[in-house]
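Asks: File my_file25.pdb follows (PDB, C-alpha atoms and all ligand atoms):
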```
MODEL        1
ATOM      1  CA  MET T  16    -176.470 -82.409  86.563
ATOM      2  CA  THR T  17    -173.747 -79.803  86.768
ATOM      3  CA  LYS T  18    -173.840 -76.144  85.948
ATOM      4  CA  THR T  19    -170.921 -73.844  85.339
ATOM      5  CA  ALA T  20    -171.029 -70.263  86.526
ATOM      6  CA  ARG T  21    -168.892 -67.623  84.845
ATOM      7  CA  ALA T  22    -167.945 -64.318  86.440
ATOM      8  CA  HIS T  23    -165.752 -61.582  85.051
ATOM      9  CA  THR T  24    -163.153 -59.752  87.038
ATOM     10  CA  ASN T  25    -163.576 -56.066  87.786
ATOM     11  CA  ILE T  26    -161.291 -53.133  88.268
ATOM     12  CA  ALA T  27    -162.122 -50.646  90.991
ATOM     13  CA  LEU T  28    -162.053 -46.977  90.006
ATOM     14  CA  ILE T  29    -162.922 -46.073  93.603
ATOM     15  CA  LYS T  30    -161.217 -48.676  95.698
ATOM     16  CA  TYR T  31    -162.103 -50.880  98.618
ATOM     17  CA  TRP T  32    -159.132 -50.830 100.999
ATOM     18  CA  GLY T  33    -160.134 -51.292 104.618
ATOM     19  CA  LYS T  34    -162.573 -53.472 106.511
ATOM     20  CA  LYS T  35    -164.953 -52.730 109.327
ATOM     21  CA  ASP T  36    -165.740 -56.423 109.884
ATOM     22  CA  ALA T  37    -163.096 -58.846 108.649
ATOM     23  CA  ALA T  38    -165.157 -62.035 109.049
ATOM     24  CA  LEU T  39    -168.117 -60.733 107.066
ATOM     25  CA  ARG T  40    -166.001 -58.483 104.827
ATOM     26  CA  ILE T  41    -167.978 -55.354 105.584
ATOM     27  CA  PRO T  42    -165.901 -52.502 104.169
ATOM     28  CA  LEU T  43    -165.222 -49.091 105.639
ATOM     29  CA  MET T  44    -165.927 -47.451 102.283
ATOM     30  CA  SER T  45    -168.128 -47.839  99.247
ATOM     31  CA  SER T  46    -166.395 -48.709  95.993
ATOM     32  CA  LEU T  47    -167.140 -48.450  92.293
ATOM     33  CA  SER T  48    -165.843 -50.663  89.518
ATOM     34  CA  MET T  49    -165.894 -51.552  85.879
ATOM     35  CA  THR T  50    -166.459 -55.239  85.070
ATOM     36  CA  LEU T  51    -164.025 -56.384  82.384
ATOM     37  CA  ASP T  52    -164.773 -58.552  79.349
ATOM     38  CA  ALA T  53    -161.256 -59.997  78.926
ATOM     39  CA  PHE T  54    -160.762 -61.738  82.282
ATOM     40  CA  TYR T  55    -163.093 -64.293  83.822
ATOM     41  CA  THR T  56    -163.406 -67.457  85.889
ATOM     42  CA  ASP T  57    -165.541 -70.530  85.125
ATOM     43  CA  THR T  58    -166.469 -72.655  88.121
ATOM     44  CA  THR T  59    -168.316 -75.958  88.447
ATOM     45  CA  ILE T  60    -169.256 -77.743  91.664
ATOM     46  CA  GLU T  61    -169.837 -81.500  91.770
ATOM     47  CA  LYS T  62    -170.538 -84.057  94.473
ATOM     48  CA  ALA T  63    -167.317 -85.701  95.643
ATOM     49  CA  THR T  64    -166.963 -89.472  95.673
ATOM     50  CA  GLY T  65    -164.088 -89.128  98.137
ATOM     51  CA  SER T  66    -162.457 -86.092  99.673
ATOM     52  CA  SER T  67    -163.151 -82.454  98.809
ATOM     53  CA  ASP T  68    -160.848 -81.327  96.025
ATOM     54  CA  PHE T  69    -160.203 -78.054  94.298
ATOM     55  CA  TYR T  70    -158.897 -78.000  90.727
ATOM     56  CA  LEU T  71    -157.541 -74.778  89.274
ATOM     57  CA  ASN T  72    -156.912 -74.709  85.529
ATOM     58  CA  GLY T  73    -157.093 -78.521  85.487
ATOM     59  CA  LYS T  74    -154.567 -79.011  88.283
ATOM     60  CA  LYS T  75    -155.491 -80.482  91.649
ATOM     61  CA  GLN T  76    -154.522 -77.970  94.326
ATOM     62  CA  THR T  77    -152.775 -78.731  97.591
ATOM     63  CA  PRO T  78    -154.853 -78.634 100.800
ATOM     64  CA  ALA T  79    -153.110 -75.348 101.687
ATOM     65  CA  ASN T  80    -154.143 -73.776  98.376
ATOM     66  CA  SER T  81    -157.686 -75.116  98.697
ATOM     67  CA  LYS T  82    -158.250 -73.886 102.252
ATOM     68  CA  ARG T  83    -159.885 -70.565 101.422
ATOM     69  CA  VAL T  84    -162.285 -72.163  98.909
ATOM     70  CA  PHE T  85    -163.486 -74.873 101.295
ATOM     71  CA  ALA T  86    -163.645 -72.582 104.322
ATOM     72  CA  TYR T  87    -165.949 -70.415 102.209
ATOM     73  CA  ILE T  88    -168.076 -73.360 101.066
ATOM     74  CA  LYS T  89    -168.414 -74.519 104.665
ATOM     75  CA  LYS T  90    -169.612 -71.047 105.661
ATOM     76  CA  LEU T  91    -172.254 -71.107 102.938
ATOM     77  CA  GLN T  92    -173.360 -74.662 103.819
ATOM     78  CA  GLN T  93    -173.843 -73.545 107.425
ATOM     79  CA  ARG T  94    -175.660 -70.399 106.357
ATOM     80  CA  PHE T  95    -178.205 -72.431 104.338
ATOM     81  CA  ASP T  96    -178.451 -75.269 106.900
ATOM     82  CA  LEU T  97    -176.996 -77.744 104.422
ATOM     83  CA  LYS T  98    -175.152 -80.925 105.200
ATOM     84  CA  GLU T  99    -171.383 -80.334 105.257
ATOM     85  CA  GLU T 100    -170.733 -82.801 102.420
ATOM     86  CA  ASN T 101    -167.555 -83.107 100.374
ATOM     87  CA  LEU T 102    -167.496 -81.369  97.028
ATOM     88  CA  VAL T 103    -165.236 -81.098  94.010
ATOM     89  CA  VAL T 104    -164.728 -77.563  92.784
ATOM     90  CA  LYS T 105    -163.260 -77.009  89.328
ATOM     91  CA  SER T 106    -162.244 -73.516  88.308
ATOM     92  CA  THR T 107    -160.661 -72.222  85.173
ATOM     93  CA  ASN T 108    -159.156 -68.848  85.597
ATOM     94  CA  HIS T 109    -158.821 -66.722  82.479
ATOM     95  CA  VAL T 110    -156.930 -64.175  84.563
ATOM     96  CA  PRO T 111    -153.220 -63.970  85.397
ATOM     97  CA  THR T 112    -153.547 -65.271  88.989
ATOM     98  CA  SER T 113    -152.164 -62.998  91.697
ATOM     99  CA  ALA T 114    -150.731 -60.559  89.195
ATOM    100  CA  GLY T 115    -152.711 -57.699  90.673
ATOM    101  CA  LEU T 116    -155.806 -58.201  88.583
ATOM    102  CA  ALA T 117    -157.966 -59.067  91.582
ATOM    103  CA  SER T 118    -158.634 -62.608  90.345
ATOM    104  CA  SER T 119    -160.412 -63.186  93.643
ATOM    105  CA  SER T 120    -163.219 -60.954  92.355
ATOM    106  CA  SER T 121    -164.154 -63.288  89.497
ATOM    107  CA  ALA T 122    -163.218 -66.396  91.508
ATOM    108  CA  PHE T 123    -165.579 -65.833  94.429
ATOM    109  CA  ALA T 124    -168.373 -64.374  92.298
ATOM    110  CA  ALA T 125    -168.282 -67.530  90.143
ATOM    111  CA  LEU T 126    -168.018 -69.750  93.235
ATOM    112  CA  ALA T 127    -170.999 -68.096  94.955
ATOM    113  CA  ALA T 128    -173.072 -68.481  91.786
ATOM    114  CA  ALA T 129    -171.936 -72.095  91.241
ATOM    115  CA  PHE T 130    -172.782 -72.910  94.868
ATOM    116  CA  CYS T 131    -176.329 -71.561  94.486
ATOM    117  CA  ALA T 132    -176.759 -73.395  91.169
ATOM    118  CA  PHE T 133    -175.516 -76.680  92.679
ATOM    119  CA  TYR T 134    -177.905 -76.489  95.644
ATOM    120  CA  ASN T 135    -180.815 -74.999  93.673
ATOM    121  CA  ILE T 136    -180.791 -71.924  95.879
ATOM    122  CA  ASN T 137    -182.884 -69.274  94.241
ATOM    123  CA  ALA T 138    -180.736 -66.251  95.093
ATOM    124  CA  ASP T 139    -181.393 -62.906  93.434
ATOM    125  CA  LYS T 140    -178.432 -60.777  92.392
ATOM    126  CA  THR T 141    -178.425 -58.759  95.603
ATOM    127  CA  GLN T 142    -178.227 -61.929  97.642
ATOM    128  CA  LEU T 143    -175.562 -63.356  95.319
ATOM    129  CA  SER T 144    -173.546 -60.173  95.748
ATOM    130  CA  ARG T 145    -173.739 -60.533  99.540
ATOM    131  CA  LEU T 146    -172.662 -64.182  99.332
ATOM    132  CA  ALA T 147    -169.772 -63.357  96.975
ATOM    133  CA  ARG T 148    -168.702 -60.556  99.325
ATOM    134  CA  ILE T 149    -168.140 -63.055 102.146
ATOM    135  CA  GLY T 150    -165.606 -64.866  99.927
ATOM    136  CA  SER T 151    -163.780 -61.757  98.769
ATOM    137  CA  GLY T 152    -164.977 -58.183  99.034
ATOM    138  CA  SER T 153    -164.331 -57.201  95.432
ATOM    139  CA  ALA T 154    -166.315 -60.268  94.262
ATOM    140  CA  SER T 155    -169.528 -58.558  95.389
ATOM    141  CA  ARG T 156    -169.169 -56.228  92.367
ATOM    142  CA  SER T 157    -168.432 -58.987  89.823
ATOM    143  CA  ILE T 158    -172.012 -60.267  90.024
ATOM    144  CA  PHE T 159    -172.871 -57.310  87.794
ATOM    145  CA  GLY T 160    -171.709 -56.102  84.403
ATOM    146  CA  GLY T 161    -170.778 -52.587  83.293
ATOM    147  CA  PHE T 162    -170.297 -50.147  86.147
ATOM    148  CA  SER T 163    -171.294 -51.296  89.606
ATOM    149  CA  ILE T 164    -171.196 -49.827  93.079
ATOM    150  CA  TRP T 165    -170.654 -51.758  96.285
ATOM    151  CA  GLN T 166    -172.462 -49.797  98.954
ATOM    152  CA  LYS T 167    -170.576 -50.282 102.159
ATOM    153  CA  GLY T 168    -173.660 -50.737 104.331
ATOM    154  CA  ASP T 169    -173.093 -51.615 107.962
ATOM    155  CA  SER T 170    -174.225 -55.230 108.181
ATOM    156  CA  ASP T 171    -174.363 -58.457 106.224
ATOM    157  CA  GLU T 172    -177.827 -57.480 104.945
ATOM    158  CA  THR T 173    -176.945 -53.964 103.828
ATOM    159  CA  SER T 174    -173.465 -54.412 102.340
ATOM    160  CA  TYR T 175    -173.855 -55.424  98.677
ATOM    161  CA  ALA T 176    -173.252 -54.213  95.153
ATOM    162  CA  TYR T 177    -175.738 -52.986  92.570
ATOM    163  CA  VAL T 178    -175.594 -51.862  88.963
ATOM    164  CA  LEU T 179    -174.924 -48.252  88.127
ATOM    165  CA  ASP T 180    -174.990 -48.817  84.353
ATOM    166  CA  GLU T 181    -175.096 -52.361  82.976
ATOM    167  CA  HIS T 182    -174.380 -51.419  79.334
ATOM    168  CA  PRO T 183    -172.319 -48.235  79.388
ATOM    169  CA  GLN T 184    -171.847 -46.398  76.109
ATOM    170  CA  MET T 185    -168.749 -44.652  77.415
ATOM    171  CA  ASP T 186    -165.558 -44.867  75.337
ATOM    172  CA  LEU T 187    -163.495 -46.438  78.114
ATOM    173  CA  HIS T 188    -160.875 -49.143  77.708
ATOM    174  CA  LEU T 189    -158.430 -50.764  80.042
ATOM    175  CA  LEU T 190    -155.001 -52.017  79.111
ATOM    176  CA  ALA T 191    -153.685 -54.547  81.608
ATOM    177  CA  ILE T 192    -149.921 -54.203  81.429
ATOM    178  CA  GLU T 193    -148.337 -57.360  82.761
ATOM    179  CA  LEU T 194    -144.905 -56.234  83.911
ATOM    180  CA  ASP T 195    -144.284 -58.812  86.580
ATOM    181  CA  THR T 196    -146.172 -62.080  86.873
ATOM    182  CA  LYS T 197    -144.531 -63.176  90.122
ATOM    183  CA  GLN T 198    -146.916 -64.052  92.937
ATOM    184  CA  LYS T 199    -147.560 -60.996  95.023
ATOM    185  CA  LYS T 200    -146.068 -61.070  98.488
ATOM    186  CA  ILE T 201    -148.777 -59.336 100.488
ATOM    187  CA  SER T 202    -152.386 -60.430  99.968
ATOM    188  CA  SER T 203    -155.089 -57.761  99.707
ATOM    189  CA  THR T 204    -156.611 -59.077 102.932
ATOM    190  CA  ARG T 205    -153.321 -58.556 104.759
ATOM    191  CA  GLY T 206    -152.424 -55.282 103.012
ATOM    192  CA  MET T 207    -155.686 -53.538 103.790
ATOM    193  CA  LYS T 208    -155.406 -54.627 107.431
ATOM    194  CA  ASP T 209    -151.859 -53.306 107.774
ATOM    195  CA  ALA T 210    -152.742 -50.049 105.978
ATOM    196  CA  GLN T 211    -154.994 -49.053 108.874
ATOM    197  CA  SER T 212    -151.901 -48.015 110.843
ATOM    198  CA  SER T 213    -151.218 -45.154 108.422
ATOM    199  CA  PRO T 214    -151.818 -41.612 109.746
ATOM    200  CA  PHE T 215    -153.618 -41.033 106.433
ATOM    201  CA  PHE T 216    -156.061 -43.906 106.895
ATOM    202  CA  LYS T 217    -158.743 -41.713 108.500
ATOM    203  CA  PRO T 218    -158.546 -39.033 105.771
ATOM    204  CA  TRP T 219    -158.744 -41.833 103.178
ATOM    205  CA  ILE T 220    -162.048 -43.026 104.670
ATOM    206  CA  ALA T 221    -163.310 -39.469 105.107
ATOM    207  CA  ARG T 222    -162.851 -38.731 101.400
ATOM    208  CA  ASN T 223    -164.784 -41.777 100.189
ATOM    209  CA  GLU T 224    -168.269 -40.314  99.988
ATOM    210  CA  SER T 225    -167.279 -37.274  97.974
ATOM    211  CA  GLU T 226    -164.974 -39.278  95.676
ATOM    212  CA  LEU T 227    -167.778 -41.754  94.996
ATOM    213  CA  LYS T 228    -170.161 -38.893  94.162
ATOM    214  CA  GLN T 229    -167.607 -37.320  91.822
ATOM    215  CA  MET T 230    -167.027 -40.643  90.073
ATOM    216  CA  ILE T 231    -170.752 -41.220  89.572
ATOM    217  CA  ALA T 232    -170.997 -37.700  88.105
ATOM    218  CA  ALA T 233    -168.056 -38.332  85.750
ATOM    219  CA  ILE T 234    -169.780 -41.507  84.476
ATOM    220  CA  LYS T 235    -173.166 -39.824  84.098
ATOM    221  CA  ASN T 236    -171.555 -36.907  82.218
ATOM    222  CA  ASP T 237    -169.554 -39.274  80.002
ATOM    223  CA  ASP T 238    -166.468 -37.376  81.146
ATOM    224  CA  PHE T 239    -163.439 -39.590  80.515
ATOM    225  CA  THR T 240    -160.983 -36.958  81.760
ATOM    226  CA  ALA T 241    -162.715 -36.563  85.111
ATOM    227  CA  LEU T 242    -163.042 -40.346  85.478
ATOM    228  CA  GLY T 243    -159.379 -40.980  84.662
ATOM    229  CA  LYS T 244    -158.010 -38.248  86.914
ATOM    230  CA  LEU T 245    -160.106 -39.347  89.858
ATOM    231  CA  ALA T 246    -159.358 -43.067  89.388
ATOM    232  CA  GLU T 247    -155.646 -42.272  89.335
ATOM    233  CA  LEU T 248    -155.878 -40.069  92.423
ATOM    234  CA  ASN T 249    -157.895 -42.685  94.292
ATOM    235  CA  ALA T 250    -155.366 -45.426  93.467
ATOM    236  CA  ASN T 251    -152.488 -43.212  94.549
ATOM    237  CA  GLU T 252    -154.240 -42.455  97.842
ATOM    238  CA  MET T 253    -154.518 -46.188  98.488
ATOM    239  CA  HIS T 254    -150.839 -46.744  97.728
ATOM    240  CA  ALA T 255    -149.893 -43.697  99.798
ATOM    241  CA  ILE T 256    -151.476 -45.201 102.898
ATOM    242  CA  ASN T 257    -149.499 -48.389 102.310
ATOM    243  CA  LEU T 258    -146.292 -46.360 102.074
ATOM    244  CA  THR T 259    -147.134 -44.559 105.310
ATOM    245  CA  ALA T 260    -148.340 -47.592 107.273
ATOM    246  CA  GLN T 261    -146.307 -48.605 110.351
ATOM    247  CA  PRO T 262    -144.329 -50.542 109.236
ATOM    248  CA  GLU T 263    -144.577 -49.292 105.681
ATOM    249  CA  PHE T 264    -144.995 -51.530 102.661
ATOM    250  CA  THR T 265    -145.616 -51.120  98.980
ATOM    251  CA  TYR T 266    -146.774 -53.168  96.005
ATOM    252  CA  PHE T 267    -144.702 -51.017  93.680
ATOM    253  CA  GLU T 268    -141.675 -52.477  91.933
ATOM    254  CA  PRO T 269    -139.140 -50.444  89.965
ATOM    255  CA  ASP T 270    -141.057 -51.235  86.757
ATOM    256  CA  THR T 271    -144.256 -49.879  88.309
ATOM    257  CA  ILE T 272    -142.603 -46.462  88.633
ATOM    258  CA  ARG T 273    -141.193 -46.716  85.106
ATOM    259  CA  ALA T 274    -144.702 -47.401  83.825
ATOM    260  CA  ILE T 275    -146.097 -44.415  85.736
ATOM    261  CA  LYS T 276    -143.404 -42.210  84.184
ATOM    262  CA  LEU T 277    -144.263 -43.515  80.733
ATOM    263  CA  ILE T 278    -147.919 -42.629  81.244
ATOM    264  CA  GLU T 279    -146.891 -39.119  82.305
ATOM    265  CA  THR T 280    -144.755 -38.821  79.151
ATOM    266  CA  LEU T 281    -147.632 -40.031  76.979
ATOM    267  CA  ARG T 282    -149.899 -37.419  78.529
ATOM    268  CA  ASP T 283    -147.295 -34.717  77.889
ATOM    269  CA  LYS T 284    -147.393 -35.801  74.243
ATOM    270  CA  GLY T 285    -151.158 -35.302  74.177
ATOM    271  CA  ILE T 286    -152.131 -38.977  74.415
ATOM    272  CA  GLU T 287    -154.702 -38.934  77.165
ATOM    273  CA  CYS T 288    -154.412 -41.905  79.531
ATOM    274  CA  TYR T 289    -154.470 -42.571  83.269
ATOM    275  CA  TYR T 290    -153.439 -45.443  85.485
ATOM    276  CA  THR T 291    -154.817 -47.434  88.332
ATOM    277  CA  ILE T 292    -152.961 -50.041  90.396
ATOM    278  CA  ASP T 293    -154.314 -52.753  92.709
ATOM    279  CA  ALA T 294    -152.557 -54.971  95.226
ATOM    280  CA  GLY T 295    -149.684 -55.888  92.927
ATOM    281  CA  PRO T 296    -146.928 -54.344  90.823
ATOM    282  CA  ASN T 297    -148.857 -54.172  87.545
ATOM    283  CA  ILE T 298    -150.397 -51.122  86.030
ATOM    284  CA  LYS T 299    -153.766 -50.807  84.371
ATOM    285  CA  VAL T 300    -154.098 -47.998  81.842
ATOM    286  CA  LEU T 301    -157.437 -46.276  81.342
ATOM    287  CA  CYS T 302    -157.774 -44.881  77.836
ATOM    288  CA  GLN T 303    -160.024 -44.330  74.841
ATOM    289  CA  LEU T 304    -160.255 -46.447  71.699
ATOM    290  CA  ARG T 305    -158.375 -44.045  69.423
ATOM    291  CA  ASN T 306    -155.232 -44.148  71.609
ATOM    292  CA  ILE T 307    -154.973 -47.899  72.336
ATOM    293  CA  LYS T 308    -152.575 -48.691  69.492
ATOM    294  CA  GLU T 309    -150.130 -45.913  70.291
ATOM    295  CA  ILE T 310    -150.114 -46.671  74.028
ATOM    296  CA  ILE T 311    -149.411 -50.367  73.377
ATOM    297  CA  GLU T 312    -146.567 -49.473  70.972
ATOM    298  CA  ASN T 313    -145.004 -47.202  73.571
ATOM    299  CA  PHE T 314    -145.164 -49.839  76.309
ATOM    300  CA  GLU T 315    -143.742 -52.472  73.977
ATOM    301  CA  SER T 316    -140.788 -50.314  73.094
ATOM    302  CA  GLU T 317    -140.125 -49.335  76.733
ATOM    303  CA  PHE T 318    -140.443 -52.818  78.317
ATOM    304  CA  ASN T 319    -139.023 -56.106  77.060
ATOM    305  CA  ASN T 320    -141.512 -58.979  76.776
ATOM    306  CA  VAL T 321    -144.356 -56.985  78.238
ATOM    307  CA  LYS T 322    -147.774 -58.649  77.946
ATOM    308  CA  ILE T 323    -150.677 -56.314  77.303
ATOM    309  CA  VAL T 324    -154.334 -57.287  77.280
ATOM    310  CA  SER T 325    -156.974 -54.832  76.167
ATOM    311  CA  ALA T 326    -160.361 -54.936  77.878
ATOM    312  CA  SER T 327    -163.618 -53.078  77.964
ATOM    313  CA  PHE T 328    -166.968 -53.591  79.688
ATOM    314  CA  GLY T 329    -167.873 -57.154  80.582
ATOM    315  CA  PRO T 330    -171.143 -58.802  81.673
ATOM    316  CA  GLY T 331    -172.375 -59.974  85.046
ATOM    317  CA  VAL T 332    -172.604 -63.589  86.167
ATOM    318  CA  THR T 333    -173.788 -66.132  83.587
ATOM    319  CA  TYR T 334    -174.430 -69.901  83.656
ATOM    320  CA  SER T 335    -173.911 -72.726  81.204
ATOM    321  CA  ASP T 336    -174.490 -76.492  81.364
TER     322      ASP T 336
HETATM  323  C1  LIG T 401    -156.987 -53.246  95.688
HETATM  324  O1  LIG T 401    -161.421 -58.166  97.386
HETATM  325  O2  LIG T 401    -159.102 -59.099  97.139
HETATM  326  O3  LIG T 401    -158.310 -54.699  94.382
HETATM  327  O4  LIG T 401    -161.977 -58.943 100.677
HETATM  328  O5  LIG T 401    -159.740 -59.381 101.604
HETATM  329  O6  LIG T 401    -160.578 -60.732  99.658
HETATM  330  P1  LIG T 401    -160.581 -59.394 100.379
HETATM  331  O7  LIG T 401    -159.911 -58.348  99.397
HETATM  332  P2  LIG T 401    -160.021 -58.155  97.820
HETATM  333  O8  LIG T 401    -159.426 -56.676  97.711
HETATM  334  C2  LIG T 401    -159.415 -55.949  96.555
HETATM  335  C3  LIG T 401    -158.616 -54.735  96.761
HETATM  336  C4  LIG T 401    -158.346 -53.898  95.528
HETATM  337  C5  LIG T 401    -159.369 -52.791  95.399
HETATM  338  C6  LIG T 401    -160.746 -53.173  94.930
HETATM  339  O9  LIG T 401    -160.904 -54.112  94.134
HETATM  340  O10 LIG T 401    -161.693 -52.469  95.337
ENDMDL
END
```
Here is the file; what I need is its structure written in the form of structure tokens.
Replies:
Amino acid sequence: MTKTARAHTNIALIKYWGKKDAALRIPLMSSLSMTLDAFYTDTTIEKATGSSDFYLNGKKQTPANSKRVFAYIKKLQQRFDLKEENLVVKSTNHVPTSAGLASSSSAFAALAAAFCAFYNINADKTQLSRLARIGSGSASRSIFGGFSIWQKGDSDETSYAYVLDEHPQMDLHLLAIELDTKQKKISSTRGMKDAQSSPFFKPWIARNESELKQMIAAIKNDDFTALGKLAELNANEMHAINLTAQPEFTYFEPDTIRAIKLIETLRDKGIECYYTIDAGPNIKVLCQLRNIKEIIENFESEFNNVKIVSASFGPGVTYSD
């Protein structure tokens, strides 16, 4: 009997960018995200008749591309005192892989849930969040729908996500603007490690608690303006520490800057929107329903062949047979 677990990707409004413990993925800061309805991963685990294999979108992956998945599975097998048997993992990613939409968040949340379903492990959502976290930090938040917070904690037991509001009524939409679908060059894992050499890394950590509080207040007050401004500031702080790392690096491409300028122009015209950017060149626009059409039209006239996907709040982990 096989079960498929589905997890949706999430976008951090207060970002995770820095680890205290790399092996366990204990972060140096708490983060807050919105789970998205438009992007998700379906994962099934089956017993292998031969070697362990990982299929992504129907294609068998090379051993190099399967390494992270099976290293993770091995960790979980050890954790639950299970036999290290070979497994076949099949994932379908409804996310542009490595295009800066943190596909690892939905991938490892779905994998953690599929693992527990396969082995009949009765994990509650807190435990699932901790297991997902070990695969990829941002995955800890994708166990939940709506708005969720990953409390940094200081150990494997205390570092997990929880729901802030599972079914938010807020008028908040995200437009994923796909400017550049090339594989990113610097993984999040690597980028957040290198960023620690920035002279602004300490101030970045020091600001986390108050930024998280302000973001929670913006959500509770249904204040889109406060949420958008703070999400944009927080993203720019993260990219500023990359630019000031030693040696410096950036995820920005020329089109990223063009997109930022377009958002500034739209705001000048009275169309309220803000941006956030993860570990890639693409921009995500935060906006309200009434402005979606006009923002899309503006991006389409500024960029050739731009792909835009509109998203709003998505659910937490689900299962199907
Ligand atoms: C910029 O969760 O991909 O999207 O734990 O090393 O797998 P690892 O990192 P990952 O990092 C996500 C970084 C981010 C911000 C965020 O989602 O909070």
Asks: Residues around (-168.0, -78.4, 91.3), cut-off 7 Å, counting only C-alpha atoms - what are they as a ChimeraX atom specification?
Replies: /T:58-62,102-105
Asks: Centre and edge lengths of an axis-aligned box around all listed atoms of ligand LIG 401 (chain T), with 4 Å added on each side, are to be given in Å to one decimal, as AutoDock Vina command-line options.
Replies:
```
--center_x -159.5 --center_y -56.6 --center_z 97.9 --size_x 13.0 --size_y 16.3 --size_z 15.5
```
Asks: Could you tell me which of T:Asn320, T:Asn306, T:Ser120, T:Thr333 comes closest to ligand LIG 401 (chain T) if we count only C-alpha atoms and all ligand atoms?
Replies: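 The answer is T:Ser120, which sits nearest to ligand LIG 401 (chain T).
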Asks: Could you list, as a ChimeraX atom specification, all residues that come within 9 Å of ligand LIG 401 (chain T)? Count all atoms listed in the file.
Replies: /T:25-34,37,40-42,45-48,115-120,123,148-156,202-208,250,253,292-295
Asks: For Lys284 of chain T, which residue among T:Leu190, T:Leu97, T:Ile310, T:Ala125 is the nearest when counting all atoms listed in the file?
Replies: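 Closest candidate: T:Ile310.
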Asks: Val321 of chain T: which residues within 9 Å, counting all atoms listed in the file, same-chain residues fewer than 2 positions away excluded, as an MDAnalysis selection string?
Replies: chainID T and resid 192:195 314:315 317:319 323
Asks: How close does segment 27-145 of chain T get to segment 169-186 of chain T? List, as a tab-separated table, each residue of segment 27-145 of chain T within 7 Å, its nearest atom pair and the distance in Å to one decimal, counting all atoms listed in the file.
Replies:
```
residue	atom	partner	partner_atom	distance
T:Leu39	CA	T:Asp171	CA	6.7
T:Ile41	CA	T:Ser174	CA	6.4
T:Thr141	CA	T:Tyr175	CA	6.4
T:Ser144	CA	T:Tyr175	CA	5.6
T:Arg145	CA	T:Tyr175	CA	5.2
```
Asks: What's the 8 Å shell around Ser327 of chain T, counting only C-alpha atoms, without same-chain residues fewer than 5 positions away, as number ranges by chain?
Replies: T: 50-53, 187-189
Asks: Between atom CA of Leu245 of chain T and atom CA of Lys308 of chain T, what is the spacing in Å?
Replies: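 About the pair atom CA of Lys308 of chain T and atom CA of Leu245 of chain T: they are 23.6 Å apart.
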Asks: Since the input lacks atoms, please generate N, CA and C atoms for segment 262-275 of chain T and provide them as a PDB file, in the frame of the given file.
Replies:
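Result file follows (rebuild-v2.pdb):
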```pdb
ATOM      1  N   PRO T 262    -145.396 -50.908 110.169  1.00  0.00           N
ATOM      2  CA  PRO T 262    -144.329 -50.542 109.236  1.00  0.00           C
ATOM      3  C   PRO T 262    -144.871 -50.363 107.811  1.00  0.00           C
ATOM      4  N   GLU T 263    -144.140 -49.583 107.047  1.00  0.00           N
ATOM      5  CA  GLU T 263    -144.577 -49.292 105.681  1.00  0.00           C
ATOM      6  C   GLU T 263    -144.401 -50.488 104.757  1.00  0.00           C
ATOM      7  N   PHE T 264    -145.176 -50.518 103.708  1.00  0.00           N
ATOM      8  CA  PHE T 264    -144.995 -51.530 102.661  1.00  0.00           C
ATOM      9  C   PHE T 264    -145.488 -50.940 101.353  1.00  0.00           C
ATOM     10  N   THR T 265    -145.106 -51.577 100.279  1.00  0.00           N
ATOM     11  CA  THR T 265    -145.616 -51.120  98.980  1.00  0.00           C
ATOM     12  C   THR T 265    -145.708 -52.279  98.007  1.00  0.00           C
ATOM     13  N   TYR T 266    -146.651 -52.183  97.083  1.00  0.00           N
ATOM     14  CA  TYR T 266    -146.774 -53.168  96.005  1.00  0.00           C
ATOM     15  C   TYR T 266    -145.941 -52.747  94.804  1.00  0.00           C
ATOM     16  N   PHE T 267    -145.448 -51.531  94.833  1.00  0.00           N
ATOM     17  CA  PHE T 267    -144.702 -51.017  93.680  1.00  0.00           C
ATOM     18  C   PHE T 267    -143.370 -51.737  93.533  1.00  0.00           C
ATOM     19  N   GLU T 268    -142.994 -51.980  92.297  1.00  0.00           N
ATOM     20  CA  GLU T 268    -141.675 -52.477  91.933  1.00  0.00           C
ATOM     21  C   GLU T 268    -141.058 -51.388  91.054  1.00  0.00           C
ATOM     22  N   PRO T 269    -139.748 -51.477  90.819  1.00  0.00           N
ATOM     23  CA  PRO T 269    -139.140 -50.444  89.965  1.00  0.00           C
ATOM     24  C   PRO T 269    -139.881 -50.259  88.630  1.00  0.00           C
ATOM     25  N   ASP T 270    -140.345 -51.358  88.038  1.00  0.00           N
ATOM     26  CA  ASP T 270    -141.057 -51.235  86.757  1.00  0.00           C
ATOM     27  C   ASP T 270    -142.408 -50.521  86.891  1.00  0.00           C
ATOM     28  N   THR T 271    -142.987 -50.590  88.099  1.00  0.00           N
ATOM     29  CA  THR T 271    -144.256 -49.879  88.309  1.00  0.00           C
ATOM     30  C   THR T 271    -144.015 -48.376  88.129  1.00  0.00           C
ATOM     31  N   ILE T 272    -142.934 -47.894  88.727  1.00  0.00           N
ATOM     32  CA  ILE T 272    -142.603 -46.462  88.633  1.00  0.00           C
ATOM     33  C   ILE T 272    -142.256 -46.096  87.177  1.00  0.00           C
ATOM     34  N   ARG T 273    -141.519 -46.977  86.518  1.00  0.00           N
ATOM     35  CA  ARG T 273    -141.193 -46.716  85.106  1.00  0.00           C
ATOM     36  C   ARG T 273    -142.473 -46.592  84.269  1.00  0.00           C
ATOM     37  N   ALA T 274    -143.435 -47.449  84.570  1.00  0.00           N
ATOM     38  CA  ALA T 274    -144.702 -47.401  83.825  1.00  0.00           C
ATOM     39  C   ALA T 274    -145.465 -46.108  84.122  1.00  0.00           C
ATOM     40  N   ILE T 275    -145.438 -45.684  85.376  1.00  0.00           N
ATOM     41  CA  ILE T 275    -146.097 -44.415  85.736  1.00  0.00           C
ATOM     42  C   ILE T 275    -145.456 -43.272  84.948  1.00  0.00           C
TER      43      ILE T 275
END
```
